[in-house]
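Chemist: My questions will all concern the structure given below.
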Amino acid sequence: MNNHKPVNIIMIEDDEGHARLIEKNIRRAGISNDIHHFRDGTSALEYLHEAPDGPTHNGPALILLDLNLPDMSGTDILSKIKADANPLKRTPVLVLTTTDDKIEIQRCYDLGCNVYITKPVNYESFADAIRQLGLFLSVIQVPDLPEANG
Amino acid sequence: MRLSLKKMAVSEAWFNRLVIGAITLGFLALVATSLAAYHSVRENQFHSSQVNHTFRVERAIAEFLSTMERAEVGRRGYLLTGVAAHAKTFYDARKRLFPALARIRDLTRDNPRQQADVTRLIALTRSDLPFMDQSVALVQSGRRDEGVGLFRNSVGRRAITVLRAQATRMINEEDRLLAIRGAATVGSIRLFYVTFAVAGTILMLVGVGSIWVILGYTRILTASRDALRLLNADLEGAVRERTADLQRANAEIQRFAYIVSHDLRSPLVNVMGFTSELEGAARRLHAMMDKVDAEAPHLADKDARTALSEDLPEAIRFIRTSTEKMDRLINAILRLSREGHRQITPEKLDMNAVFGSIADSHRHQLDEKEIDFSIVSKLPVVVSDRLAIEQILGNIVENAIKYMSPGRRGRIEIRGRIEGPRAIFEIADNGRGVESRDHDRIFDLFRRSGVQDQPGEGIGLAHTRALAYRLGGTISIDSELGRGATFRINLPVTLVAEQEA
């Protein structure tokens, strides 16, 4: 991981249970980074762009994104983050959702999503997937943000 | 619309009758005109020849009269002068008198009155001529005075006057005839004109009537054609609207199924996830209980032990099997809704080959259960979606294999035929069959029939029927419990690719 600044994990997930299960399994994989959980797109975007301790102003981040949110579609958030002018455009986004529709998956990759994971209903597979994601998180390199100098 | 079509039929019959009537009338008028013309020409010819004849008779009489006058002039000249040339004139004229009379008699042979007059004329001429001859002969023999004396005798003079009167009477008679004949000619011509005028009027009336009727009929035809076109356009519009409605409804249902299945999945992830967490916690508690048993048995509680080793695992097991089943059902709905999204691509399918490959893919089960699979008749070729057809038929064959009657050698027979624009395929088995009250039910989602001794969720046939509908087809079952079942699939021979909605 990044040497001088810890990577914040930002989880945008409306389902409390899912969020708990994801967090539990990430912790079990030995990942101890901060996890910021948001239940809707609006507050998540505000944090991402505006908050002083958010990724735009404060260090590298990794975003876990659910597609089914109450106030906006996950793909809207994805396209906003990956837009050319957005300082967060290089921030890795992992879509983690129940949708396994081929067209939806394609669309997410087209919009610039870095990894797409379908949440398996079978919990063993689910826990397994999240633990592997944890292993993955422990080795990936996250880019520094150009503006993130404060 | 039906009313105007009826009106149309009535007007058609009326029109036909009228046209036939008018044509007959016109034809009759034409025939009458021709007959009248023929008759009138004949009459005319006849009357002209009669008139000609009259003129010829008159000319003959005039010729006789002038010859007679000439003879008299010659005689008188000779009697006065004694010049021989006058005698010659007399003789020349005298020679022509009787032929002239004979001609008159010949020409008037048809008229008894004229014949009588001619006979009288001949008699007069005969009685007069000897005096004339005598007087001329007397002069020739030098007895001029005697000859002149004879002339003075009134006989000679009377003769010529009487002759003239007689001839005039004959001419008058001919004139009378001429007047009658002329009147007859005029009469026949008038008759012709009248006939012609009447026939012409009839023809004109028929013509005008026909034109009027045809115009009226054309107007009705145009109106009904317009009405038909409108109706046609309406029909196409209605069909289009209906299709759009159906597609909209279908899309709505699919969207609904999609959303529902996804939204149901989310809580399911939690139920399963936390059940596993619970299980993990129970395991840890179990380990602690074991430790308590080993290190401080007096603390171990029997109820707590039962709860940990029996109640908790049982509850967890039920939660898990139920959620797993729910997951399968949700997946089935999702699959059905996805199937509706898939693009149908019709291609030419040799159904013998399709059934052959289905049999091959189930070869292992067929051999294991000793089932005879046969294609009874040569199957028709259809144009349809390969994947959908394979799924439909594969599903039914699979069911047939699955629900064979134990204790009876299994048999699956495939038949196919073309009926008009439809192809019908039958998959008949001698398995356990389906009760008649379940014949519709088995095609519903999650519904099954008979003894539940085989695994399955009641999805296959629902899926099969959805696919058959998608291909513009239907599926039905013909079965008696314990006697086997025949699934009948009715498909369009040629499936037209649907337009993108």
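Each chain of the structure tokens is named A, B, ... in the order shown, its residues numbered from 1; ligands are numbered from 1 in display order.
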Which residues of chain A are close to chain B, meaning at most 7 Å apart when you count only C-alpha atoms, and how do they look as a list of chain:residue names?
Modeler: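 Therefore, the residues near the partner are A:Gly17, A:His18, A:Leu21, A:Thr98, A:Thr99, A:Val121, A:Asn122, A:Tyr123.
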Chemist: Write out, as a tab-separated table (two decimals), in the first residue's frame, the residues just selected, with N, CA and C atoms.
Modeler:
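The resulting file, result.tsv, is shown below:
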chain	number	residue	atom	x	y	z
A	17	GLY	N	-26.80	-4.68	6.45
A	17	GLY	CA	-26.31	-6.05	6.63
A	17	GLY	C	-25.14	-6.34	5.73
A	18	HIS	N	-25.29	-5.99	4.46
A	18	HIS	CA	-24.20	-6.21	3.49
A	18	HIS	C	-22.95	-5.50	3.96
A	21	LEU	N	-21.34	-7.32	6.77
A	21	LEU	CA	-20.70	-8.57	6.31
A	21	LEU	C	-19.42	-8.27	5.54
A	98	THR	N	-25.27	-7.10	-6.24
A	98	THR	CA	-25.97	-8.36	-6.50
A	98	THR	C	-26.23	-8.58	-7.98
A	99	THR	N	-26.17	-7.51	-8.76
A	99	THR	CA	-26.50	-7.61	-10.18
A	99	THR	C	-25.46	-8.44	-10.92
A	121	VAL	N	-24.91	-15.19	-3.34
A	121	VAL	CA	-25.92	-15.35	-2.29
A	121	VAL	C	-25.40	-16.36	-1.27
A	122	ASN	N	-24.74	-17.38	-1.76
A	122	ASN	CA	-24.15	-18.37	-0.88
A	122	ASN	C	-23.06	-17.71	-0.03
A	123	TYR	N	-23.26	-17.79	1.27
A	123	TYR	CA	-22.39	-16.98	2.14
A	123	TYR	C	-20.93	-17.42	2.10
Chemist: Nearest to Met170 (chain B): which of B:Glu314, B:Glu58, B:Asp128, B:Asp234 is it, counting only C-alpha atoms?
Modeler: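 Comparing B:Glu314, B:Glu58, B:Asp128, B:Asp234 against Met170 (chain B), the winner is B:Glu58.
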Chemist: Could you please write out, as an MDAnalysis selection string, every residue of chain A that DSSP assigns to strand (DSSP E)?
Modeler: chainID A and resid 8:12 35:38 61:65 93:97 115:118
Chemist: Write out as a PyMOL selection string the residues lying within 12 Å of Glu72 (chain B), counting only C-alpha atoms and excluding same-chain residues fewer than 5 positions away.
Modeler: chain B and resi 65-67+77-79+86-94+97+125+128-129+131-133+135-136+151+156-157+159-161+163-164
Chemist: Taking 6 positions as the minimum chain separation for residues in the same chain, which residues sit within 6 Å of region 426-432 of chain B when counting only C-alpha atoms? Answer as an NGL selection string.
Modeler: :B and (403-405 or 411-415 or 482-488)
Chemist: Residues near Pro70 (chain A), anyone? I mean within 9 Å using only C-alpha atoms, not counting same-chain ones fewer than 4 positions away, as a list in words.
Modeler: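 My list of contacting residues is Asp14, Arg39, Asp40 and Gly41 of chain A.
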Chemist: Just checking: using only C-alpha atoms, which residue out of A:Ser138, A:Glu124, A:Arg131, A:Ile105 ends up closest to Leu67 (chain A)?
Modeler: A:Ile105
Chemist: How many Å lie between CA of Glu173 (chain B) and CA of Ser40 (chain B), rounded to one decimal?
Modeler: 26.1 Å
Chemist: Determine, counting only C-alpha atoms, which protein, DNA and RNA residues have an atom within 7 Å of an atom of Val115 (chain A); residues of the same chain fewer than 5 positions away are not included. Present the result as number ranges by chain.
Modeler: A: 93-95
Chemist: Would you put the residues from that selection into a file with N, CA, C and O atoms, as a compact mmCIF listing (two decimals), in the first residue's frame?
Modeler:
# COMPACT_ATOMS: atom_id res chain seq x y z
N VAL A 93 -12.15 1.92 -8.37
CA VAL A 93 -13.54 1.70 -7.96
C VAL A 93 -13.84 0.22 -8.14
O VAL A 93 -13.68 -0.33 -9.24
N LEU A 94 -14.26 -0.42 -7.05
CA LEU A 94 -14.66 -1.82 -7.11
C LEU A 94 -16.17 -1.89 -6.98
O LEU A 94 -16.71 -1.51 -5.95
N VAL A 95 -16.81 -2.32 -8.02
CA VAL A 95 -18.27 -2.45 -7.94
C VAL A 95 -18.56 -3.80 -7.30
O VAL A 95 -18.06 -4.84 -7.73
Chemist: With only C-alpha atoms as the basis for distance, which of B:Ser374, B:Thr345, B:Ser188, B:Thr494 is at the shortest distance from Gln45 (chain B)?
Modeler: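 For Gln45 (chain B), the nearest of the candidates is B:Ser188.
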Chemist: Excluding Thr195 (chain B) and any residue of its chain fewer than 2 positions from it, enumerate the residues within 12 Å of it, using only C-alpha atoms, and give them as a PyMOL selection string.
Modeler: chain B and resi 29-40+188-193+197-203
Chemist: Got time to write the residues from that selection, N, CA, C and O atoms, as a compact mmCIF listing (two decimals), in the first residue's frame?
Modeler:
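Resulting contents of result17.txt:
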# COMPACT_ATOMS: atom_id res chain seq x y z
N ALA B 29 -83.72 -2.21 -79.78
CA ALA B 29 -83.90 -0.98 -80.53
C ALA B 29 -83.07 -1.02 -81.81
O ALA B 29 -83.54 -0.65 -82.89
N LEU B 30 -81.86 -1.53 -81.68
CA LEU B 30 -80.98 -1.62 -82.85
C LEU B 30 -81.58 -2.55 -83.89
O LEU B 30 -81.62 -2.23 -85.09
N VAL B 31 -82.07 -3.72 -83.43
CA VAL B 31 -82.67 -4.69 -84.35
C VAL B 31 -83.87 -4.06 -85.04
O VAL B 31 -84.01 -4.15 -86.27
N ALA B 32 -84.71 -3.37 -84.27
CA ALA B 32 -85.90 -2.73 -84.83
C ALA B 32 -85.49 -1.70 -85.88
O ALA B 32 -86.07 -1.65 -86.97
N THR B 33 -84.48 -0.93 -85.57
CA THR B 33 -84.01 0.09 -86.51
C THR B 33 -83.53 -0.56 -87.81
O THR B 33 -83.88 -0.11 -88.92
N SER B 34 -82.76 -1.64 -87.67
CA SER B 34 -82.24 -2.31 -88.88
C SER B 34 -83.40 -2.86 -89.71
O SER B 34 -83.43 -2.69 -90.94
N LEU B 35 -84.36 -3.49 -89.03
CA LEU B 35 -85.51 -4.05 -89.75
C LEU B 35 -86.27 -2.94 -90.46
O LEU B 35 -86.62 -3.07 -91.64
N ALA B 36 -86.48 -1.85 -89.74
CA ALA B 36 -87.21 -0.72 -90.32
C ALA B 36 -86.46 -0.19 -91.53
O ALA B 36 -87.05 0.08 -92.59
N ALA B 37 -85.17 -0.06 -91.39
CA ALA B 37 -84.36 0.47 -92.49
C ALA B 37 -84.44 -0.46 -93.70
O ALA B 37 -84.67 -0.01 -94.84
N TYR B 38 -84.31 -1.75 -93.41
CA TYR B 38 -84.37 -2.74 -94.50
C TYR B 38 -85.73 -2.65 -95.20
O TYR B 38 -85.80 -2.54 -96.43
N HIS B 39 -86.77 -2.67 -94.38
CA HIS B 39 -88.13 -2.61 -94.91
C HIS B 39 -88.31 -1.36 -95.75
O HIS B 39 -88.79 -1.40 -96.89
N SER B 40 -87.87 -0.24 -95.22
CA SER B 40 -88.09 1.03 -95.90
C SER B 40 -87.31 1.09 -97.20
O SER B 40 -87.80 1.60 -98.20
N SER B 188 -93.61 5.46 -96.78
CA SER B 188 -92.62 4.50 -96.27
C SER B 188 -91.41 5.22 -95.71
O SER B 188 -90.83 4.81 -94.70
N ILE B 189 -91.03 6.32 -96.37
CA ILE B 189 -89.88 7.08 -95.85
C ILE B 189 -90.22 7.67 -94.49
O ILE B 189 -89.43 7.61 -93.55
N ARG B 190 -91.45 8.16 -94.37
CA ARG B 190 -91.86 8.75 -93.09
C ARG B 190 -91.83 7.67 -92.00
O ARG B 190 -91.36 7.90 -90.90
N LEU B 191 -92.35 6.47 -92.40
CA LEU B 191 -92.36 5.37 -91.44
C LEU B 191 -90.94 5.08 -90.97
O LEU B 191 -90.66 4.89 -89.78
N PHE B 192 -90.03 5.08 -91.99
CA PHE B 192 -88.63 4.82 -91.66
C PHE B 192 -88.11 5.87 -90.67
O PHE B 192 -87.49 5.55 -89.66
N TYR B 193 -88.44 7.14 -90.99
CA TYR B 193 -87.97 8.22 -90.12
C TYR B 193 -88.53 8.06 -88.72
O TYR B 193 -87.82 8.22 -87.71
N ALA B 197 -86.43 7.49 -85.53
CA ALA B 197 -86.46 8.46 -84.43
C ALA B 197 -86.77 7.75 -83.11
O ALA B 197 -86.11 8.00 -82.09
N VAL B 198 -87.76 6.84 -83.18
CA VAL B 198 -88.14 6.13 -81.95
C VAL B 198 -86.96 5.30 -81.43
O VAL B 198 -86.58 5.39 -80.26
N ALA B 199 -86.35 4.53 -82.38
CA ALA B 199 -85.22 3.68 -81.99
C ALA B 199 -84.07 4.53 -81.46
O ALA B 199 -83.44 4.20 -80.46
N GLY B 200 -83.83 5.64 -82.17
CA GLY B 200 -82.74 6.54 -81.75
C GLY B 200 -82.99 7.07 -80.35
O GLY B 200 -82.09 7.10 -79.52
N THR B 201 -84.25 7.46 -80.12
CA THR B 201 -84.60 7.98 -78.79
C THR B 201 -84.36 6.91 -77.73
O THR B 201 -83.77 7.18 -76.67
N ILE B 202 -84.83 5.69 -78.05
CA ILE B 202 -84.64 4.59 -77.09
C ILE B 202 -83.16 4.38 -76.82
O ILE B 202 -82.71 4.29 -75.67
N LEU B 203 -82.38 4.34 -77.93
CA LEU B 203 -80.93 4.12 -77.79
C LEU B 203 -80.30 5.21 -76.92
O LEU B 203 -79.48 4.94 -76.05
